[in-house]
Each structure stands twice: as C-alpha cells, then as structure tokens.
$ cat query16.cif   # mmCIF, C-alpha atoms
data_structure
loop_
_atom_site.group_PDB
_atom_site.id
_atom_site.type_symbol
_atom_site.label_atom_id
_atom_site.label_comp_id
_atom_site.auth_asym_id
_atom_site.auth_seq_id
_atom_site.Cartn_x
_atom_site.Cartn_y
_atom_site.Cartn_z
ATOM 1 C CA MET A 1 -41.369 -60.056 -4.912
ATOM 2 C CA SER A 2 -38.810 -59.719 -7.692
ATOM 3 C CA THR A 3 -35.576 -57.789 -7.304
ATOM 4 C CA ALA A 4 -36.766 -55.293 -9.929
ATOM 5 C CA THR A 5 -39.989 -54.714 -7.970
ATOM 6 C CA THR A 6 -38.039 -54.196 -4.745
ATOM 7 C CA GLU A 7 -35.819 -51.689 -6.531
ATOM 8 C CA LEU A 8 -38.821 -49.871 -7.991
ATOM 9 C CA ARG A 9 -40.138 -49.498 -4.417
ATOM 10 C CA ARG A 10 -36.802 -48.041 -3.336
ATOM 11 C CA PHE A 11 -36.674 -45.746 -6.373
ATOM 12 C CA LEU A 12 -40.159 -44.422 -5.626
ATOM 13 C CA THR A 13 -39.187 -43.836 -1.993
ATOM 14 C CA ILE A 14 -36.176 -41.791 -3.106
ATOM 15 C CA THR A 15 -38.383 -39.988 -5.635
ATOM 16 C CA GLY A 16 -40.813 -38.994 -2.894
ATOM 17 C CA ARG A 17 -37.966 -37.647 -0.759
ATOM 18 C CA CYS A 18 -36.496 -35.679 -3.677
ATOM 19 C CA LEU A 19 -39.806 -34.095 -4.603
ATOM 20 C CA LYS A 20 -40.672 -33.332 -0.971
ATOM 21 C CA ASN A 21 -37.345 -31.522 -0.550
ATOM 22 C CA GLY A 22 -37.636 -29.576 -3.809
ATOM 23 C CA ARG A 23 -34.896 -31.529 -5.565
ATOM 24 C CA PRO A 24 -35.188 -32.785 -9.139
ATOM 25 C CA ALA A 25 -36.727 -36.210 -9.629
ATOM 26 C CA PRO A 26 -34.208 -39.045 -9.948
ATOM 27 C CA GLU A 27 -33.231 -40.488 -13.302
ATOM 28 C CA MET A 28 -34.521 -43.980 -14.164
ATOM 29 C CA PHE A 29 -31.475 -45.546 -15.760
ATOM 30 C CA SER A 30 -32.233 -49.265 -15.385
ATOM 31 C CA PRO A 31 -34.160 -50.832 -18.263
ATOM 32 C CA ALA A 32 -34.997 -53.821 -16.021
ATOM 33 C CA VAL A 33 -36.492 -51.695 -13.225
ATOM 34 C CA ASP A 34 -38.146 -49.423 -15.778
ATOM 35 C CA ALA A 35 -39.885 -52.438 -17.355
ATOM 36 C CA VAL A 36 -41.558 -53.226 -14.012
ATOM 37 C CA TRP A 37 -42.483 -49.559 -13.638
ATOM 38 C CA HIS A 38 -44.177 -49.583 -17.056
ATOM 39 C CA GLU A 39 -46.052 -52.793 -16.200
ATOM 40 C CA MET A 40 -47.440 -51.238 -13.020
ATOM 41 C CA LEU A 41 -48.277 -47.741 -14.302
ATOM 42 C CA GLY A 42 -51.998 -47.014 -14.237
ATOM 43 C CA THR A 43 -52.910 -49.956 -12.016
ATOM 44 C CA PRO A 44 -54.511 -49.721 -8.581
ATOM 45 C CA GLN A 45 -51.439 -51.531 -7.223
ATOM 46 C CA TYR A 46 -49.203 -48.760 -8.564
ATOM 47 C CA THR A 47 -51.371 -46.073 -6.983
ATOM 48 C CA ALA A 48 -51.128 -47.866 -3.635
ATOM 49 C CA LEU A 49 -47.378 -48.417 -4.049
ATOM 50 C CA CYS A 50 -46.791 -44.707 -4.675
ATOM 51 C CA GLN A 51 -48.753 -43.724 -1.577
ATOM 52 C CA GLU A 52 -46.902 -46.309 0.517
ATOM 53 C CA THR A 53 -43.393 -45.465 -0.695
ATOM 54 C CA ALA A 54 -43.498 -41.811 -1.740
ATOM 55 C CA GLY A 55 -46.530 -40.550 0.154
ATOM 56 C CA ARG A 56 -47.976 -39.136 -3.057
ATOM 57 C CA SER A 57 -48.831 -39.948 -6.652
ATOM 58 C CA ILE A 58 -45.808 -40.401 -8.871
ATOM 59 C CA GLY A 59 -46.202 -39.935 -12.594
ATOM 60 C CA HIS A 60 -43.964 -40.865 -15.468
ATOM 61 C CA VAL A 61 -42.585 -38.733 -18.282
ATOM 62 C CA ALA A 62 -40.277 -39.330 -21.219
ATOM 63 C CA ALA A 63 -37.019 -37.488 -20.589
ATOM 64 C CA ASN A 64 -33.904 -38.542 -22.440
ATOM 65 C CA GLY A 65 -30.573 -37.811 -20.878
ATOM 66 C CA TYR A 66 -27.056 -38.953 -20.168
ATOM 67 C CA GLY A 67 -24.742 -38.148 -17.320
ATOM 68 C CA PRO A 68 -23.944 -38.807 -13.683
ATOM 69 C CA ILE A 69 -26.826 -40.316 -11.724
ATOM 70 C CA ALA A 70 -27.367 -37.804 -8.946
ATOM 71 C CA TRP A 71 -29.297 -39.966 -6.482
ATOM 72 C CA VAL A 72 -26.826 -42.845 -6.018
ATOM 73 C CA ALA A 73 -25.461 -41.444 -2.712
ATOM 74 C CA ALA A 74 -28.990 -41.137 -1.291
ATOM 75 C CA TYR A 75 -29.689 -44.733 -2.326
ATOM 76 C CA GLU A 76 -26.482 -46.012 -0.746
ATOM 77 C CA GLU A 77 -27.198 -44.154 2.484
ATOM 78 C CA ALA A 78 -30.612 -45.785 2.740
ATOM 79 C CA TYR A 79 -30.030 -49.243 1.254
ATOM 80 C CA GLY A 80 -26.317 -49.881 0.648
ATOM 81 C CA PRO A 81 -24.621 -50.367 -2.741
ATOM 82 C CA LEU A 82 -26.739 -50.550 -5.885
ATOM 83 C CA PRO A 83 -27.496 -54.161 -6.845
ATOM 84 C CA GLN A 84 -26.806 -55.516 -10.335
ATOM 85 C CA ILE A 85 -30.436 -55.054 -11.436
ATOM 86 C CA TRP A 86 -29.655 -51.350 -11.889
ATOM 87 C CA PHE A 87 -27.128 -52.326 -14.562
ATOM 88 C CA THR A 88 -29.376 -54.884 -16.259
ATOM 89 C CA ASP A 89 -31.242 -54.422 -19.528
ATOM 90 C CA ALA A 90 -34.838 -55.479 -20.100
ATOM 91 C CA ASP A 91 -33.658 -58.844 -21.484
ATOM 92 C CA GLY A 92 -31.699 -59.641 -18.312
ATOM 93 C CA THR A 93 -28.187 -58.923 -19.598
ATOM 94 C CA VAL A 94 -25.947 -57.290 -17.006
ATOM 95 C CA ASP A 95 -23.555 -54.553 -18.175
ATOM 96 C CA GLN A 96 -20.520 -55.924 -16.341
ATOM 97 C CA GLU A 97 -18.339 -52.959 -17.363
ATOM 98 C CA ALA A 98 -20.807 -50.508 -15.795
ATOM 99 C CA VAL A 99 -20.954 -52.604 -12.608
ATOM 100 C CA ALA A 100 -17.151 -52.679 -12.421
ATOM 101 C CA ARG A 101 -16.920 -48.890 -12.962
ATOM 102 C CA TYR A 102 -19.492 -48.325 -10.213
ATOM 103 C CA HIS A 103 -17.620 -50.560 -7.771
ATOM 104 C CA LEU A 104 -14.310 -48.895 -8.640
ATOM 105 C CA THR A 105 -15.451 -45.252 -8.598
ATOM 106 C CA GLY A 106 -18.672 -45.243 -6.545
ATOM 107 C CA THR A 107 -20.387 -43.239 -9.269
ATOM 108 C CA VAL A 108 -22.763 -44.151 -12.072
ATOM 109 C CA VAL A 109 -22.787 -42.430 -15.439
ATOM 110 C CA ALA A 110 -25.636 -43.679 -17.590
ATOM 111 C CA GLU A 111 -28.351 -42.771 -20.035
ATOM 112 C CA TRP A 112 -32.072 -42.725 -19.322
ATOM 113 C CA ASP A 113 -35.254 -42.194 -21.269
ATOM 114 C CA CYS A 114 -37.777 -41.461 -18.531
ATOM 115 C CA THR A 115 -38.107 -39.945 -15.093
ATOM 116 C CA PRO A 116 -40.793 -39.682 -12.442
ATOM 117 C CA THR A 117 -42.992 -36.636 -12.008
ATOM 118 C CA GLY A 118 -45.010 -35.336 -9.094
ATOM 119 C CA GLY A 119 -48.035 -37.040 -10.586
ATOM 120 C CA ASP A 120 -50.363 -34.200 -9.598
ATOM 121 C CA GLY A 121 -49.862 -31.795 -12.464
ATOM 122 C CA ASP A 122 -46.450 -30.839 -11.075
ATOM 123 C CA ASP A 123 -43.750 -32.077 -13.399
ATOM 124 C CA GLY A 124 -41.383 -32.639 -10.487
ATOM 125 C CA PHE A 125 -38.597 -30.631 -12.016
ATOM 126 C CA ALA A 126 -37.805 -27.330 -10.385
ATOM 127 C CA PRO A 127 -35.097 -25.473 -12.280
ATOM 128 C CA GLU A 128 -32.124 -24.766 -10.109
ATOM 129 C CA GLN A 129 -31.945 -21.111 -9.253
ATOM 130 C CA PRO A 130 -28.464 -19.563 -9.305
ATOM 131 C CA GLU A 131 -27.498 -17.839 -6.125
ATOM 132 C CA THR A 132 -27.452 -14.111 -6.569
ATOM 133 C CA SER A 133 -24.617 -12.190 -5.070
ATOM 134 C CA ARG A 134 -25.412 -9.425 -2.644
ATOM 135 C CA ARG A 135 -23.911 -6.039 -3.266
#

$ encode --input "query16.cif" --output "structure tokens"
Amino acid sequence: MSTATTELRRFLTITGRCLKNGRPAPEMFSPAVDAVWHEMLGTPQYTALCQETAGRSIGHVAANGYGPIAWVAAYEEAYGPLPQIWFTDADGTVDQEAVARYHLTGTVVAEWDCTPTGGDGDDGFAPEQPETSRR
C-alpha cells in the first residue's frame, strides 16, 4: 500500500469522526493524497474503504479555501506528526518550506480545492451556531 493510500485511509477515518461528532469535514490540502482519492472515487474498493474507515459513505465536493488546517491536532493525536506526503504535490515534489513551517510551529496553513461530504445527501458541513447569551 502506498503512503498516499495509507494517508487517505487516515483522512477518511478522521472525516468519519468529524461528521459523527457534528464537526465540519476536514480540508483535503494534499494534492498527492487527493490524487489517490480521485482515483478511488466511485469504485467498489472506495465504498468498502469508506465503510471500514469512516463507518459510512464519504462523498467528495469541490470547495476552494485557504487557511489553517483544523484537523491536524486530531491527526497527530491518532497517528503522530503529519508525514511529508501531506506537503507533496501530485507530481511528487515536496514543499520543503511548508514542512519546515509545520515542524517549527505545529500548524499547517494551506489551500485546498475539495473536501469530503457525508455522502448520503448530507453535505457534511454544519454551520457553526453562535452561542446566544442568556438574559
């Protein structure tokens, strides 16, 4: 199994946990992992992988964004530091500056162009509700 495939499994596991707990779906910021995701989408193997890792169907939706990657702490708690594949483009080039920033700060700020969805008609994104003050 390739490193990108292993990381897709981990990403789907974290996605399942986020969706189960009502949190927004994680951002897919690695072009290398995303390429494997796109290869698998719509295959019986992908359906089985989603059930095994997330316990549910996981869809895919275009969603451009840029900012802090919110799920890094959950990843690190489960699997340790992010491996270089998360900072690798689809051609295999590692963004060494991004890796260095991550190792120095423990945070990842990146752009993404897709995210997972609940895969069952639920888009996986629940808007955060502001707490209302009691009077």

$ residues_around --input "query16.cif" --residues "Thr13 of chain A" --least-positions-apart "2" --cutoff "9 Å" --atoms "only C-alpha atoms" --output "mmCIF file with C-alpha atoms, keeping the file's coordinate frame"
data_model
loop_
_atom_site.group_PDB
_atom_site.id
_atom_site.type_symbol
_atom_site.label_atom_id
_atom_site.label_comp_id
_atom_site.auth_asym_id
_atom_site.auth_seq_id
_atom_site.Cartn_x
_atom_site.Cartn_y
_atom_site.Cartn_z
ATOM 1 C CA LEU A 8 -38.821 -49.871 -7.991
ATOM 2 C CA ARG A 9 -40.138 -49.498 -4.417
ATOM 3 C CA ARG A 10 -36.802 -48.041 -3.336
ATOM 4 C CA PHE A 11 -36.674 -45.746 -6.373
ATOM 5 C CA THR A 15 -38.383 -39.988 -5.635
ATOM 6 C CA GLY A 16 -40.813 -38.994 -2.894
ATOM 7 C CA ARG A 17 -37.966 -37.647 -0.759
ATOM 8 C CA CYS A 18 -36.496 -35.679 -3.677
ATOM 9 C CA CYS A 50 -46.791 -44.707 -4.675
ATOM 10 C CA GLU A 52 -46.902 -46.309 0.517
ATOM 11 C CA THR A 53 -43.393 -45.465 -0.695
ATOM 12 C CA ALA A 54 -43.498 -41.811 -1.740
ATOM 13 C CA GLY A 55 -46.530 -40.550 0.154
#

$ axis_aligned_box --input "query16.cif" --around "segment 78-83 of chain A" --padding-each-side "8 Å" --output "AutoDock Vina command-line options"
--center_x -27.6 --center_y -50.0 --center_z -2.1 --size_x 22.0 --size_y 24.4 --size_z 25.6

$ resolve_selection --input "query16.cif" --expression "the PyMOL selection byres ((chain A and resi 63) around 7)" --output "compact mmCIF listing (two decimals) with C-alpha atoms, in the frame of the given file"
# COMPACT_ATOMS: atom_id res chain seq x y z
CA VAL A 61 -42.58 -38.73 -18.28
CA ALA A 62 -40.28 -39.33 -21.22
CA ASN A 64 -33.90 -38.54 -22.44
CA GLY A 65 -30.57 -37.81 -20.88
CA ASP A 113 -35.25 -42.19 -21.27
CA CYS A 114 -37.78 -41.46 -18.53
CA THR A 115 -38.11 -39.94 -15.09

$ residues_around --input "query16.cif" --residues "segment 101-112 of chain A" --least-positions-apart "4" --cutoff "12 Å" --atoms "all atoms listed in the file" --output "compact mmCIF listing (two decimals) with C-alpha atoms, in the frame of the given file"
# COMPACT_ATOMS: atom_id res chain seq x y z
CA PRO A 26 -34.21 -39.04 -9.95
CA GLU A 27 -33.23 -40.49 -13.30
CA MET A 28 -34.52 -43.98 -14.16
CA PHE A 29 -31.48 -45.55 -15.76
CA SER A 30 -32.23 -49.26 -15.38
CA PRO A 31 -34.16 -50.83 -18.26
CA ALA A 32 -35.00 -53.82 -16.02
CA VAL A 33 -36.49 -51.70 -13.22
CA ASP A 34 -38.15 -49.42 -15.78
CA VAL A 61 -42.58 -38.73 -18.28
CA ALA A 62 -40.28 -39.33 -21.22
CA ALA A 63 -37.02 -37.49 -20.59
CA ASN A 64 -33.90 -38.54 -22.44
CA GLY A 65 -30.57 -37.81 -20.88
CA TYR A 66 -27.06 -38.95 -20.17
CA GLY A 67 -24.74 -38.15 -17.32
CA PRO A 68 -23.94 -38.81 -13.68
CA ILE A 69 -26.83 -40.32 -11.72
CA ALA A 70 -27.37 -37.80 -8.95
CA TRP A 71 -29.30 -39.97 -6.48
CA VAL A 72 -26.83 -42.84 -6.02
CA ALA A 73 -25.46 -41.44 -2.71
CA ALA A 74 -28.99 -41.14 -1.29
CA TYR A 75 -29.69 -44.73 -2.33
CA GLU A 76 -26.48 -46.01 -0.75
CA GLY A 80 -26.32 -49.88 0.65
CA PRO A 81 -24.62 -50.37 -2.74
CA LEU A 82 -26.74 -50.55 -5.88
CA PRO A 83 -27.50 -54.16 -6.84
CA GLN A 84 -26.81 -55.52 -10.34
CA TRP A 86 -29.66 -51.35 -11.89
CA PHE A 87 -27.13 -52.33 -14.56
CA THR A 88 -29.38 -54.88 -16.26
CA ASP A 89 -31.24 -54.42 -19.53
CA ASP A 95 -23.56 -54.55 -18.18
CA GLN A 96 -20.52 -55.92 -16.34
CA GLU A 97 -18.34 -52.96 -17.36
CA PRO A 116 -40.79 -39.68 -12.44

$ atom_distance --input "query16.cif" --atom1 "atom CA of Ala35 of chain A" --atom2 "atom CA of Ala98 of chain A"
19.2 Å

$ atom_distance --input "query16.cif" --atom1 "atom CA of Gly22 of chain A" --atom2 "atom CA of Ile58 of chain A"
14.5 Å

$ closest_residue --input "query16.cif" --among "A:Ile85, A:Met40, A:Asp91, A:Thr47" --to "Glu7 of chain A" --atoms "all atoms listed in the file"
A:Ile85

$ decode --input "query16.cif" --residues "segment 20-32 of chain A" --atoms "all heavy atoms" --output "mmCIF file, in the first residue's frame"
data_model
loop_
_atom_site.group_PDB
_atom_site.id
_atom_site.type_symbol
_atom_site.label_atom_id
_atom_site.label_comp_id
_atom_site.auth_asym_id
_atom_site.auth_seq_id
_atom_site.Cartn_x
_atom_site.Cartn_y
_atom_site.Cartn_z
ATOM 1 N N LYS A 20 -19.433 12.392 12.509
ATOM 2 C CA LYS A 20 -20.189 11.746 13.588
ATOM 3 C C LYS A 20 -20.403 12.711 14.753
ATOM 4 O O LYS A 20 -21.442 12.693 15.409
ATOM 5 C CB LYS A 20 -19.451 10.502 14.064
ATOM 6 C CG LYS A 20 -20.157 9.766 15.187
ATOM 7 C CD LYS A 20 -19.380 8.532 15.608
ATOM 8 C CE LYS A 20 -20.084 7.843 16.758
ATOM 9 N NZ LYS A 20 -19.343 6.675 17.211
ATOM 10 N N ASN A 21 -19.411 13.552 15.008
ATOM 11 C CA ASN A 21 -19.472 14.484 16.139
ATOM 12 C C ASN A 21 -20.021 15.858 15.754
ATOM 13 O O ASN A 21 -19.930 16.801 16.542
ATOM 14 C CB ASN A 21 -18.088 14.624 16.771
ATOM 15 C CG ASN A 21 -17.635 13.332 17.411
ATOM 16 O OD1 ASN A 21 -18.435 12.625 18.011
ATOM 17 N ND2 ASN A 21 -16.361 12.999 17.259
ATOM 18 N N GLY A 22 -20.556 15.978 14.537
ATOM 19 C CA GLY A 22 -21.158 17.237 14.122
ATOM 20 C C GLY A 22 -20.177 18.341 13.788
ATOM 21 O O GLY A 22 -20.541 19.512 13.721
ATOM 22 N N ARG A 23 -18.913 17.984 13.594
ATOM 23 C CA ARG A 23 -17.907 18.983 13.232
ATOM 24 C C ARG A 23 -17.787 19.062 11.708
ATOM 25 O O ARG A 23 -18.120 18.103 11.007
ATOM 26 C CB ARG A 23 -16.563 18.623 13.859
ATOM 27 C CG ARG A 23 -16.577 18.730 15.374
ATOM 28 C CD ARG A 23 -15.188 18.630 15.978
ATOM 29 N NE ARG A 23 -14.365 17.562 15.481
ATOM 30 C CZ ARG A 23 -14.242 16.359 16.055
ATOM 31 N NH1 ARG A 23 -14.916 16.075 17.143
ATOM 32 N NH2 ARG A 23 -13.451 15.449 15.536
ATOM 33 N N PRO A 24 -17.303 20.167 11.199
ATOM 34 C CA PRO A 24 -17.121 20.287 9.751
ATOM 35 C C PRO A 24 -16.149 19.230 9.227
ATOM 36 O O PRO A 24 -15.238 18.795 9.944
ATOM 37 C CB PRO A 24 -16.526 21.680 9.564
ATOM 38 C CG PRO A 24 -16.882 22.425 10.805
ATOM 39 C CD PRO A 24 -16.936 21.402 11.898
ATOM 40 N N ALA A 25 -16.363 18.836 7.996
ATOM 41 C CA ALA A 25 -15.456 17.874 7.355
ATOM 42 C C ALA A 25 -14.066 18.485 7.227
ATOM 43 O O ALA A 25 -13.929 19.695 7.052
ATOM 44 C CB ALA A 25 -16.000 17.498 5.990
ATOM 45 N N PRO A 26 -13.040 17.663 7.295
ATOM 46 C CA PRO A 26 -11.666 18.177 7.185
ATOM 47 C C PRO A 26 -11.335 18.637 5.766
ATOM 48 O O PRO A 26 -11.946 18.187 4.804
ATOM 49 C CB PRO A 26 -10.807 16.984 7.600
ATOM 50 C CG PRO A 26 -11.648 15.795 7.363
ATOM 51 C CD PRO A 26 -13.068 16.226 7.531
ATOM 52 N N GLU A 27 -10.374 19.506 5.672
ATOM 53 C CA GLU A 27 -9.928 20.041 4.393
ATOM 54 C C GLU A 27 -8.895 19.090 3.783
ATOM 55 O O GLU A 27 -7.983 18.660 4.461
ATOM 56 C CB GLU A 27 -9.272 21.415 4.592
ATOM 57 C CG GLU A 27 -10.090 22.403 5.388
ATOM 58 C CD GLU A 27 -9.883 22.327 6.900
ATOM 59 O OE1 GLU A 27 -9.155 21.440 7.403
ATOM 60 O OE2 GLU A 27 -10.472 23.168 7.608
ATOM 61 N N MET A 28 -9.034 18.792 2.491
ATOM 62 C CA MET A 28 -8.052 17.969 1.788
ATOM 63 C C MET A 28 -7.032 18.905 1.158
ATOM 64 O O MET A 28 -7.279 19.504 0.108
ATOM 65 C CB MET A 28 -8.732 17.118 0.713
ATOM 66 C CG MET A 28 -7.754 16.392 -0.210
ATOM 67 S SD MET A 28 -6.465 15.422 0.598
ATOM 68 C CE MET A 28 -7.383 13.991 1.110
ATOM 69 N N PHE A 29 -5.878 19.037 1.801
ATOM 70 C CA PHE A 29 -4.907 20.008 1.314
ATOM 71 C C PHE A 29 -3.716 19.388 0.599
ATOM 72 O O PHE A 29 -2.877 20.099 0.065
ATOM 73 C CB PHE A 29 -4.425 20.914 2.463
ATOM 74 C CG PHE A 29 -3.534 20.231 3.459
ATOM 75 C CD1 PHE A 29 -2.157 20.277 3.328
ATOM 76 C CD2 PHE A 29 -4.074 19.557 4.538
ATOM 77 C CE1 PHE A 29 -1.329 19.662 4.256
ATOM 78 C CE2 PHE A 29 -3.262 18.940 5.471
ATOM 79 C CZ PHE A 29 -1.882 18.985 5.323
ATOM 80 N N SER A 30 -3.644 18.060 0.525
ATOM 81 C CA SER A 30 -2.518 17.414 -0.139
ATOM 82 C C SER A 30 -2.881 16.985 -1.555
ATOM 83 O O SER A 30 -3.708 16.086 -1.737
ATOM 84 C CB SER A 30 -2.080 16.168 0.633
ATOM 85 O OG SER A 30 -1.151 15.412 -0.137
ATOM 86 N N PRO A 31 -2.259 17.585 -2.565
ATOM 87 C CA PRO A 31 -2.531 17.130 -3.930
ATOM 88 C C PRO A 31 -2.183 15.649 -4.144
ATOM 89 O O PRO A 31 -2.861 14.962 -4.898
ATOM 90 C CB PRO A 31 -1.653 18.033 -4.797
ATOM 91 C CG PRO A 31 -1.486 19.282 -3.983
ATOM 92 C CD PRO A 31 -1.417 18.785 -2.551
ATOM 93 N N ALA A 32 -1.152 15.151 -3.470
ATOM 94 C CA ALA A 32 -0.757 13.750 -3.642
ATOM 95 C C ALA A 32 -1.804 12.802 -3.067
ATOM 96 O O ALA A 32 -2.169 11.799 -3.698
ATOM 97 C CB ALA A 32 0.610 13.502 -2.986
#
